[in-house]
Structure formats: structure tokens, C-alpha cells
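What follows is a single structure, written as C-alpha cells, with notes after it.
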Amino acid sequence: MARYLAPQWRRMTALGAFMIAGVCTQVVGPLIVSRFINIAEQGRAHGSLVTLWELSGAFIAAAIVTQLLQIGATYFSEQLAWAATNRMRRDLATHTLNLDMSYHTATSPGDTIERVDGDVAALANFFSQFVLQIVGGALLLAGILIAVFLMDWRVGATLASVAIVAGVTMYAMRNLARDQWERVRDAFSAFSAFLEERVAGLDDIRANGGGAHAMRRFGELTDELAASNMVATRRGQWIFIAASSLFSLGFALALAAAAVRFRAHAIKIGDVYAFMQFAGMMAQPVVTIGTQLQQFQMASASLSRISALLGLAPELEDGPGLDWGGLCQAPPRVCFEHVNFAYRADAPVLRDVDLTLEPGRVLGLLGRTGSGKTTLTRLLFRLYDPLDGCVTLDGRDIRAATLAELRGRIGLVTQEVQLFDASVRDNATLFDPAVPDARIVEVLTDLGLGDWLARQPRGLETILAAGGGLSAGEAQLLAFARVFLKDPGLVVLDEASSRLDPVSDRLIERALDKLLGGAGGGAKRTAIIIAHKLSTVDRADRIAILDQGRVLETGGRAALAADPGSVFAQLLATGAEEALA
Amino acid sequence: MSYLAAHDAAEVAPLPPAPPRQTAFAQTLRIARTRPWPFAGGLALYGLYSSLGLIPALVLKSVLYTLKTGHSPAGLDIWTLIALWFGAQLLPLVAFYFAVWVYITFTTLSRMMIRTDMLAWLMFARGPRKPRGTAGEALSRFRDDVNETLSFMEGWSDTFGQGLYAVQALAIMWFYDAKVTLAVVAPMVLVVVVTQRITAGIHKYSRVAREAEARVTSFVGEMFTAVQAIRVAGAEPRVLDRLEQLNDERRRTAVRYRVYVVLLDTFGVGTSSLALGLVLVLAASDMRNGTFTIGTFTLFASLVGNASSAPRWMGRLLARKRTADVALMRISTLLDDAPDAAITARRPASPRAAPPGPPLDRLEVRGLTSIHPSSGQGVRDVSFTLKRGEVLIVTGRVGAGKSTLLKAVIGLLPMQAGEVLWNGEAVDDPATFLTPPRVGYTAQSPRLFTESLRDNILMGLPDDGRVAEAVRLAVLEDDVKQLGSGLETLVGTRGVTLSGGQVQRSAAARMFARRPELLVFDDASSALDVRTEHTFWERLFASGQHTCLAVSHRLEAYRRANEIIVLDGGRIGARGTLRDLLAESPLFREIWHEQAHASAVAHQHAEPAE
């Protein structure tokens, strides 16, 4: 936390000043009343009514200033908490975004939201409160004790020992409910993940009658959430009760001490009153510290979960960097050299894959679903690293390049198009403000989305509501737009055109001609095209057919098509048979 | 034509006004009524806790009086009185423990009830259910807005206890000195007035702050849903910048809101001090005369703080009410047309079990029109009949409305005009009627949930061999074998470890497992390779259960179709069998040629046989 608070020192200083000033005005209050009583008790003969009224006015003034200072302190503590936790949220998001894909595969987005957003927001609330209540409370305690000691050290010693005993007891009890709060957070996390998925998949559930099943599971999750919450709250209460009882005992002792001193004529009755007032003021911070400690338990549960997440290191290490310089746009030579890969040790996905693709050439990758085609491209992007063998671009192992360099060179269109609840512009450029509007419009128009764009009420600034208003085909075209805007030297099309109807397919084909430098043209880019449909690999120079992670067949497309014994030719035959309705 | 004109007019007409919503007060009262005893018991215990809090103040008065004057009214010595004072402080704690115990039980159960009812409404209510915004936003409705509502109810118990305390405290003070008591009450009136003004600001800024918060939550959600897309595009820094913008917005709004809340609190605390200051001013002369004793002064000082804080609690309750109003409004937006009572059903809505009825003979769709309100795209005036055992294929260009048509037929999207008939009878609510065992559906981008593949397929059905059958029909058996733990493999929401085709076939298996009479699938085979697709249709026809309505632009599907509907800009552009369309529809021929092109060029087949 210190790392996040340090840059906020200005706000911290202001906050400190406001809080200390606030404590002073609070401590002054009972001192004024004590003086008031002592003068009033002197009776008509000695007490001046004007002095009494002056003291009353001073008391009211101190009360008002105290409240103003309180507002200022709140402002700074809130600013401080949010500024610090916003940085933390960003760091956490950065870290999590860079974790291995295996983490994202194993963790549902709802879970991650709960970590990156829920836990951090809990911390923000806690810290804004923590500073005000715990630190402010501690300052007030100190101020009170100093005042009491100056008035009578014996009574002061009694109150101080009460505070110490209570403080130690609280410290001992602080972990009482912590495990329970951890359980609550876990339950909440499971609850959030479940809901997020079910709401997103509502159509699938409703149309297939899965509602009752979902409700049963939901019932189990809310039961756990309720049970853990009740247990944790009840446990947390004991801290409050213990603190209150202790302080009651302490006040009684302090009152007894004051009574002894009064009878000894060492202090006046106004001082006895002030001691009681101070004792009462001590209860307030202790009660809030008690309740905030409960918050602290929740916050430390959040914090430990955040540290656990931060503790996960990506196994995939960023490369030292290659000096590709201006080469980013140049088509690279791509090699998979005896690549072996598995997501789990017992289930190999790629076995000894050895493929080479010359610059500017197009590779058509075929194979049944699950044969490893998509995985092969994931290795190219270094979403995963091969277990054996290596992937090279222009003869250099891609592990030597930084991830940013590498991914800057490759563009990808996947079957799943992820749209953001953001403007058309941000969706097309993935939040890159540097891309000029004209360029975006040009690309969208080239892709046949010109009419669609013209229909958008605010043009490029129209917010694309998640899942609304955009058909899968249009979304797919938008995904193409992302690649066109990036203008990389290597493109990967993963089942890219499978969602499109033939007419749009042709739009894409035309755009692809442009992207790839045209059939037999300038060989502008290297490309890997994955598809189950044969039509998609029309433009391929080379074909590779994968089967259960092995390269079953590879060669020039024309040569394979002409060889009746090849698997490719057989596939074409099946396709042709299909065509002869 | 007149029908179309009428329809177009309806399209631009504003949405019907939302039904009037009850205030948070009325709504929470209904929540309280669902569990009257824990609620009332909790309040009573809070009242007891507050009332017991008066006793120590009375004892302390005697302590100081005895100390000052040296003689005790009840004949107890000073040490006994101090011991009594200690005991009197412990009593309220016991009441407090039980008050929290009972009330927390009440609020926790109420939270569960509301959330369960909300989900049940989304699952089972009639008509299309499309929560606005992202799933992350919906989550925030379930999570934060329900909490805000219940936090308002927690405010009730505090306010009730404090109110009871104030009434009793003022009565005691009145007994000792009516004039000074009146002076204490005066600033309370001021508090009520100013509080009203501040709470209006709280209302506004709470909404703004919550919206900013929801935007962060939902963006974080999108970020981690699209993590692969972001990484391969190298867009991490830009996406994080965007997060920072949203974070900043949230900080600004949250700070402003908190300052307003504290302003309200401070104002209240300030008034308590002001009240004590007035006691000082008014009692000054009497104390000097000895008619207002130190004991009475102590009593007033002890009581005045809490008594004058009653309006503050009231103000805080009002602030929470405003927050709860916003929260409840957002919940009702999520639930759309749900009546207010929908969230306080002790027995949540359950699936409507329509009687099974005779088996499917024919499905008719007449004049169906379904337009997406924001884009204006959709389908208009589509009619068709599908008889048992027939295959109807819907095809067309991107954005022609293929998916919309399927969704509107089975009630996943609203239809503005037209009707759907099942065996000749108009279906009252397709969303709840056209479900298993009548209809099964595979979406274009289906979702798998984070549980085993088996549970994803069964979704609660008993496994009486239907999984194996469904897996076979969906041509998924080889994939199941490849998965580490077969059907027990945990699959994720987006099926990250599964390829797109595997996710789609898993969803198809989910549909087959319900053994529906009518299969509705959207592009179901687009992710399949040629051989798998062939197997898919072979098995489907061999099963004899192949009445189906599907979106496809695959040759295999066209060949099997009894009728093909070609959508063009949301309307039927052409219809007929494959042969009819090849002969008569230029649009279809265009599509067909494109499709045949691939194989033809590669295999030296110039044109398909017509």
C-alpha cells in the first residue's frame, strides 16, 4: 500500500493538518465547559454572568470549526483513497492482463472482475474510512490523554491504562472474524461469477429450459453467501461488545479516581465533569475503531486476495527485444521448427509440427476441429510458448522479441469478435486515439460497412452497446477493420470467414486482395488462413493439413490439388460432391 | 401496405411509459412484510437497546449530585453508585447483541429473496428478456443495488432506536427543566429543513457516482472477456488508459458524493453541539443561583447529544432512501416490465409448465416483424410454414436478419407484429412456450458455463443415456475423447479451451439432450469442417427427429432443405427449394455461385449442375 500512498504526499499533508486541527478544537470543548461549571458553581458572589456567556459562545464556535475541519478532512481522505486505489486497480489490471492465458482460461471473467474491481473498491472505501476513523480516532485519543494528564496525572494514568488494555485486547481479537470475511468474499466471488455467466447466457438457458437448474445452483450459492455473512457479522460483533464493556469498566475506574481526588479537594467538580466528558469522547473513537476493525478484516481479506493475484507470475517471459526497426510492416518468413505443445501434460495438442512459410506467401491451414490449428496460431502470438522446438520470424526465435514488437507485427481475426461498450471508433482502433477519422472511415467503407456507418446516429462516435445492433457478420467485418488499421506484415485469419454469407465473403476477399497485395501481386504480407471451408483457402499458395496435432500433409496448393492421392484432393472431392446437388 | 405503414409508425413512436414505481419506502415495507416477525423483533430489540441507554445517564446524574453535595437521594454511597453506573452500561450491550443477531438474519434473508426473485424473473417471466447493458452491469444490479436497498432497511432500525431514545430523553429533560428543553428542540427544526436540501444533492450525486462505478465494473468485465483480442492486438496500454479515464471519473464522482454525505452528518453533529451550547447559555444564570444543579447539567449534557441527533438519523435515513430509490429504479430497469411485487415473492417464479399437448404437426409464422429499436434493423413481414419432419433453411447476406428471425420466432426478441402458430393455434407467449420439450435452440454464439461439459449439456436433466446420444448427434464424441477428463472436463464461459466449433457443437448437444420436437439452430454447422458437417446431417436424419428451422449458408444444408428462405434486408427476397431458387432467384444464385466457387475452381468443376 505504501507504494500507492507515497505519491499522494501533498494530499496526505493537508489531511494531516486538518485532522490535527480538528482534534484540538474537539479537546477544547470539554475544557471550556469545565471552566464554565467551576465559575458557575462559585455562585452569584464570584461568578460573572458575562464570562459564562463568553464561554458558551466559545464552546459553540469550537463546535462549528470542528465540523468544518471534518468536512475538509473527508474531502482529502476520499481523494487520497481513490487516487491510490485507482493506481492499484490499474496496476492490477495490467498485471492480470499479462498473466498467462492458462490463468484466463481457468478463471471466469466474473471472478477477475471481483478481484480487480470488487476487492479494490472495497479497499478504497476502507482506506478513505480507515484514515478518518482509525487514524483520526487515534489522534483524538492522544489529544484527550494529553489534556487529562495536564489536569491530573492520576486520573490521566487511569484513563491511559484503560486505553492500553482496550487497545491490546482489540489487537488480540483482530483476526477473530477474518477467516469468516474471507469466506464471505469467496462466496461473493462465486456468486458474481455465476451470475455474470448466466446473465450473459440467458438466451441459451431460457430457450433450452435450463432455468430451474440455474435457480437451484443459484440457491446453493446464495445459501453459502448468507450463512458466511451471518457468521462473520456475529463474530465481528464480539469485538464491539468487548471494547464497549472494557471501556465501561475503565470509565467507572476513572470516575472513582476522580471522586477520590475531588474528596481530597485536589480537583473541582467542573474537572470531574470534564473527565467524564473526555472518557465519553474516548468511547467514540474506540467504538468506531471497533467497527472499522471489522472493515479492516474485510479489507485485509481483499488485500490478501489481491496480493495472491499479484503473486502469480506469468511463466511466459517477455523477450529482450529485437531490432526489427522499420521491418514491422515487411512480410516475414515464418517457421515452426519441430514444435511440440500441450495445455496439459497428458494431452499433447501439437506434435513435432514443422512448417515453413516464405515471405509474402499464404498458408492455408486445414484440419478437423480440435486438430490444433488455433493452438498453432496462439504460439505465433506467444499466448503460449512451445514445450519443444521453436517458432521463428525471419529466422529469429520469437522469444527474443518483446511481446509488443511481436504482436505489433501480426494481425489476427478470430471467429469470436469481442466488442466493447464503447464508440465505433474505439472498437475499430481498440482505443487508439492516434488513428485519424478519415482512415477509419476509409477502411470501414472498403469493407462494405460504409452504409452501416452512415446509419449510425453519431457516426464514429456512436456507442456500440454490447451485443446490440451489430450482426455477427458486421462484427466480423469490424474485426477485419481492426487488422486493416494495424497494417501488419503478417496476418492470421482464424476461421475468419466462416460466419459470413457468400456476398460478404466476397467483400472480404476483395479487401484481402488489397491486404495481401493481390493475387500474384506485390506479396505485401505473409498470411496464415485457417478454415474448415475449402473456399477460404482458395488464395493459399501452400496448404498444410493438421490431424491430431501432426502435420498430415503439406505442399503447394496446386500440386496437392492435382495429386489425386493427396488428402487435400480427397477433401476437394467431398466438397465437389456436395456442390453437385 | 396499410399494415406496413401502421408498423412503420409504431417504430418511431416512443416506448410506452414505464409503469409507475412505488417509492423505496413502500417497496421496503413490502420486503418487511415478507418476514414480519424477524423484522418487528429486530426493531423492538433496537428500541430496547436505545431505551436501556438512558439508564446510565440517570445514574451518572446521581453520582455527580452525591459527589458534590455529599448526600445521596437513595441512601447509596458513592462507590455503590459508580458500580451501578458500570452495570447500567453493560445492559444495552446484551440487547444490542440480540438486536443485530435478529436484524442481520432478516436483512440477509431478504437480500437472498430479492436476488433469487430477480434471477427467477429473468429466467421464467413471459416475453423476451434482454437485460440492457453488459453482464457486468447486470451483476452490479444484483450486487450493489440490492445492497443499497437493504442498507436503507438497516437505516430503519437505527432511526427507530434513535427516535425512541430522543422521545424518552426529551420527556426526562422536560421533567427537569422545560425552558432549556425547548431550547434544545429548536435547532432540530432547522436540521430537518437543511437536511432536506442536502439530501436532494445526495440523491443526484449518488446516481452519478453509481453510474461511474458501474462503467468501471463493466469495462473491467469487457477487458477480461476480450483478453485474447486485446493481447494479440497489443492494445494493452490503450485499454489501460481508457480504464484510467473511467477510474478518474469514478474518483471525482465518488468524492463529491461522500463529501455531501459527510456534510449531512457534520451538520447533524454540529447541531448537537449547538444544542449543548444553548443549554450553557440558558442554564448559566440558574446554575449561578444554584437552582440548576451540576447533576441536572450532567444529565442534560449526556442526553442532549443523542436526543438532538434524532433528526440526523432521520436525515441519514432520507439519504439512504434516495440512494435506495435509485437502486430500486435500476433493478426495475433490469427486470424491465416486472411488477414491483416481483422482487418480494417468497416463492420465486417458476417455469411455466404448459401441458404437453399433441405432438408437433406444423409450425406457422405469419407476418412476423421484429425490429431492433436502436439500429432499426431486423425482419419485416415474414411468413412460413414448417411441417413435422421438414427442414427449413434461412439464408441471406450479413445483416439480412437471419438470426433476428430465429430469435423472434422463439420469443428471444420482441415481435412488433405477426404471430406464431403451433399446430394451428396461436402461441400466446413464444418465450415460455417454444421451449423444451417442444423446441430446442442453439445460438449463433452459444455460451458454455463454468461447470463440467456434462452439466453444460444436461443443464439439470437426469442423465438417462441422453448425454451419449446428444454427443453423438452433435458429432462431439471425438472431441470428448480428446478432453482431459472427457465429459467431466470443466469448460469455461467462453469455452476458452474449446475451439469455436467445439463450443458450438457442445451447445448443439445441449439442444439434442432435450429431445425437442423442433430444432432451431443458428449457423449451427458453420464451424464444422466438411466431413463433420456431412456426418452431422447424416446422423440427424437417421435419428428421425429432424424437424428443423436453421440459419445456414452451407450446401449440405440447402440440399437437405424442404424450403429455403432467402432474406434480403429483413424481408423475404426469395423462397423455394434449391432447384427453384437456382432457376429463379438471381440473389440466391449469387450466393450459390460464391459458395460453389471454392470447390469448383479447385476441382476444375466449372458450374454446379442445375
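If you're wondering about the labels, chains in the C-alpha cells are A, B, ... by order shown, residues count from 1 in each chain, ligands from 1 in order shown.
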Ala207 in chain A environment, 7 Å, only C-alpha atoms, sequence neighbours closer than 4 positions dropped, as a ChimeraX atom specification:
/A:203 /B:435,440-441
Residues as selected, C-alpha atoms, written as a tab-separated table (two decimals), in the first residue's frame, can you do that?
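Written file, part_24.tsv:
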```tsv
chain	number	residue	atom	x	y	z
A	203	ASP	CA	-30.91	-16.86	-24.17
B	435	THR	CA	-39.03	-24.28	-25.09
B	440	GLY	CA	-34.53	-26.65	-28.55
B	441	TYR	CA	-32.21	-23.86	-29.65
```
Within 12 Å of Ala454 in chain A, counting only C-alpha atoms, which residues show up once you throw out same-chain ones fewer than 5 positions away? Write them as an MDAnalysis selection string, please.
(chainID A and resid 424 441 444:445 448:449 459:462) or (chainID B and resid 375)
Output file for the residues above (N, CA and C atoms, as a compact mmCIF listing (two decimals), in the first residue's frame):
```txt
# COMPACT_ATOMS: atom_id res chain seq x y z
N VAL A 424 -17.74 3.37 -31.95
CA VAL A 424 -17.33 2.63 -33.14
C VAL A 424 -15.84 2.83 -33.34
N VAL A 441 -12.83 5.71 -41.50
CA VAL A 441 -13.96 5.72 -42.42
C VAL A 441 -13.58 5.02 -43.72
N LEU A 444 -13.50 1.22 -43.13
CA LEU A 444 -14.85 0.67 -42.95
C LEU A 444 -15.59 0.67 -44.29
N THR A 445 -15.41 1.71 -45.06
CA THR A 445 -16.08 1.79 -46.35
C THR A 445 -15.54 0.71 -47.29
N GLY A 448 -17.13 -2.52 -46.90
CA GLY A 448 -18.56 -2.62 -47.17
C GLY A 448 -19.39 -2.23 -45.97
N LEU A 449 -18.77 -1.58 -44.98
CA LEU A 449 -19.52 -1.14 -43.80
C LEU A 449 -19.90 0.33 -43.92
N GLY A 459 -22.20 8.62 -36.09
CA GLY A 459 -21.04 8.23 -36.88
C GLY A 459 -20.06 7.42 -36.06
N LEU A 460 -18.79 7.82 -36.14
CA LEU A 460 -17.74 7.06 -35.46
C LEU A 460 -17.88 7.13 -33.95
N GLU A 461 -18.56 8.16 -33.46
CA GLU A 461 -18.67 8.32 -32.01
C GLU A 461 -19.86 7.57 -31.43
N THR A 462 -20.63 6.89 -32.29
CA THR A 462 -21.77 6.13 -31.80
C THR A 462 -21.28 5.04 -30.86
N SER B 375 -31.03 0.15 -33.87
CA SER B 375 -30.44 0.16 -35.20
C SER B 375 -31.50 0.24 -36.30
```
Show me, as a list in words, the residues that have an atom within 8 Å of Asp479 in chain B when counting only C-alpha atoms, minus same-chain residues fewer than 3 positions from it.
Gly370 of chain A; Leu476, Gln482, Leu483 and Gln502 of chain B
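Of the residues under consideration (A:Ile545, A:Ala401, A:Leu355, A:Leu310), A:Leu310 shows the shortest atom-to-atom contact distance to Asn98 in chain A when counting only C-alpha atoms.
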Best match for closeness to Arg361 in chain A among A:Pro348, A:Gly450, A:Gly489, A:Gly72, counting only C-alpha atoms
A:Gly489
What are the DSSP strand (DSSP E) residues of range 403-575 of chain B, as a ChimeraX atom specification?
/B:417-422,425-426,439-442,451-452,490-491,518-522,548-551,563-568,571-575
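Excluding Leu485 in chain A and any residue on its chain fewer than 4 positions from it, the residues at most 9 Å away by only C-alpha atoms are Ala428, Thr429, Val435, Arg439, Ile440, Val443, Phe480 and Ala481 of chain A.
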Preceding selection exported with N, CA and C atoms as a PDB file, in the first residue's frame:
```pdb
ATOM      1  N   ALA A 428     -12.994   0.022 -33.371  1.00  0.00           N
ATOM      2  CA  ALA A 428     -12.215  -0.262 -34.575  1.00  0.00           C
ATOM      3  C   ALA A 428     -10.721  -0.129 -34.309  1.00  0.00           C
ATOM      4  N   THR A 429     -10.345   0.865 -33.504  1.00  0.00           N
ATOM      5  CA  THR A 429      -8.911   1.109 -33.286  1.00  0.00           C
ATOM      6  C   THR A 429      -8.426   0.485 -31.992  1.00  0.00           C
ATOM      7  N   VAL A 435      -5.219   7.212 -34.501  1.00  0.00           N
ATOM      8  CA  VAL A 435      -5.665   6.911 -35.860  1.00  0.00           C
ATOM      9  C   VAL A 435      -6.626   7.994 -36.340  1.00  0.00           C
ATOM     10  N   ARG A 439      -9.096   7.810 -41.946  1.00  0.00           N
ATOM     11  CA  ARG A 439      -8.548   6.482 -42.203  1.00  0.00           C
ATOM     12  C   ARG A 439      -9.553   5.389 -41.766  1.00  0.00           C
ATOM     13  N   ILE A 440     -10.186   5.608 -40.626  1.00  0.00           N
ATOM     14  CA  ILE A 440     -11.156   4.628 -40.133  1.00  0.00           C
ATOM     15  C   ILE A 440     -12.329   4.530 -41.099  1.00  0.00           C
ATOM     16  N   VAL A 443     -11.327   2.659 -44.216  1.00  0.00           N
ATOM     17  CA  VAL A 443     -11.239   1.214 -44.027  1.00  0.00           C
ATOM     18  C   VAL A 443     -12.627   0.591 -43.919  1.00  0.00           C
ATOM     19  N   PHE A 480     -12.134  -7.274 -38.991  1.00  0.00           N
ATOM     20  CA  PHE A 480     -11.218  -7.096 -40.121  1.00  0.00           C
ATOM     21  C   PHE A 480     -10.683  -5.675 -40.142  1.00  0.00           C
ATOM     22  N   ALA A 481     -11.578  -4.738 -39.857  1.00  0.00           N
ATOM     23  CA  ALA A 481     -11.167  -3.335 -39.852  1.00  0.00           C
ATOM     24  C   ALA A 481     -10.014  -3.125 -38.872  1.00  0.00           C
TER      25      ALA A 481
END
```
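Within 9 Å of Ala301 in chain A, once only C-alpha atoms are used and residues closer than 4 positions along the same chain are dropped, the contacting residues are Asp119, Arg178, Asp179, Trp181, Glu182, Arg185, Phe296, Gln297, Arg305 and Ile306 of chain A.
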Per DSSP on the backbone, filter range 4-206 of chain B down to the residues in helix (DSSP H, G or I) and report them as an MDAnalysis selection string.
chainID B and resid 4:12 24:34 36:52 54:69 78:124 135:176 178:206
Selection near Ser543 in chain B, 12 Å with only C-alpha atoms, sequence-local residues under 3 positions removed, as a PyMOL selection string:
chain B and resi 389+469-470+472-474+512+515+517+536-540+546-547
Selected residues, C-alpha atoms, written as an mmCIF file, in the first residue's frame, please.
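Wrote it out as result_0.cif, contents follow:
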```cif
data_model
loop_
_atom_site.group_PDB
_atom_site.id
_atom_site.type_symbol
_atom_site.label_atom_id
_atom_site.label_comp_id
_atom_site.auth_asym_id
_atom_site.auth_seq_id
_atom_site.Cartn_x
_atom_site.Cartn_y
_atom_site.Cartn_z
ATOM 1 C CA GLY B 389 -40.130 -33.828 -40.475
ATOM 2 C CA GLU B 469 -26.985 -39.750 -27.615
ATOM 3 C CA ALA B 470 -26.716 -35.956 -27.731
ATOM 4 C CA ARG B 472 -23.244 -38.454 -30.951
ATOM 5 C CA LEU B 473 -25.856 -36.336 -32.717
ATOM 6 C CA ALA B 474 -23.714 -33.252 -32.252
ATOM 7 C CA PHE B 512 -30.259 -32.521 -28.588
ATOM 8 C CA ARG B 515 -35.034 -34.258 -27.348
ATOM 9 C CA GLU B 517 -39.687 -31.817 -31.400
ATOM 10 C CA PHE B 536 -23.914 -34.141 -38.631
ATOM 11 C CA TRP B 537 -26.741 -34.171 -41.193
ATOM 12 C CA GLU B 538 -26.484 -37.926 -41.754
ATOM 13 C CA ARG B 539 -26.959 -38.622 -38.073
ATOM 14 C CA LEU B 540 -29.681 -36.035 -37.693
ATOM 15 C CA HIS B 546 -35.150 -33.666 -37.743
ATOM 16 C CA THR B 547 -37.903 -31.090 -37.923
#
```
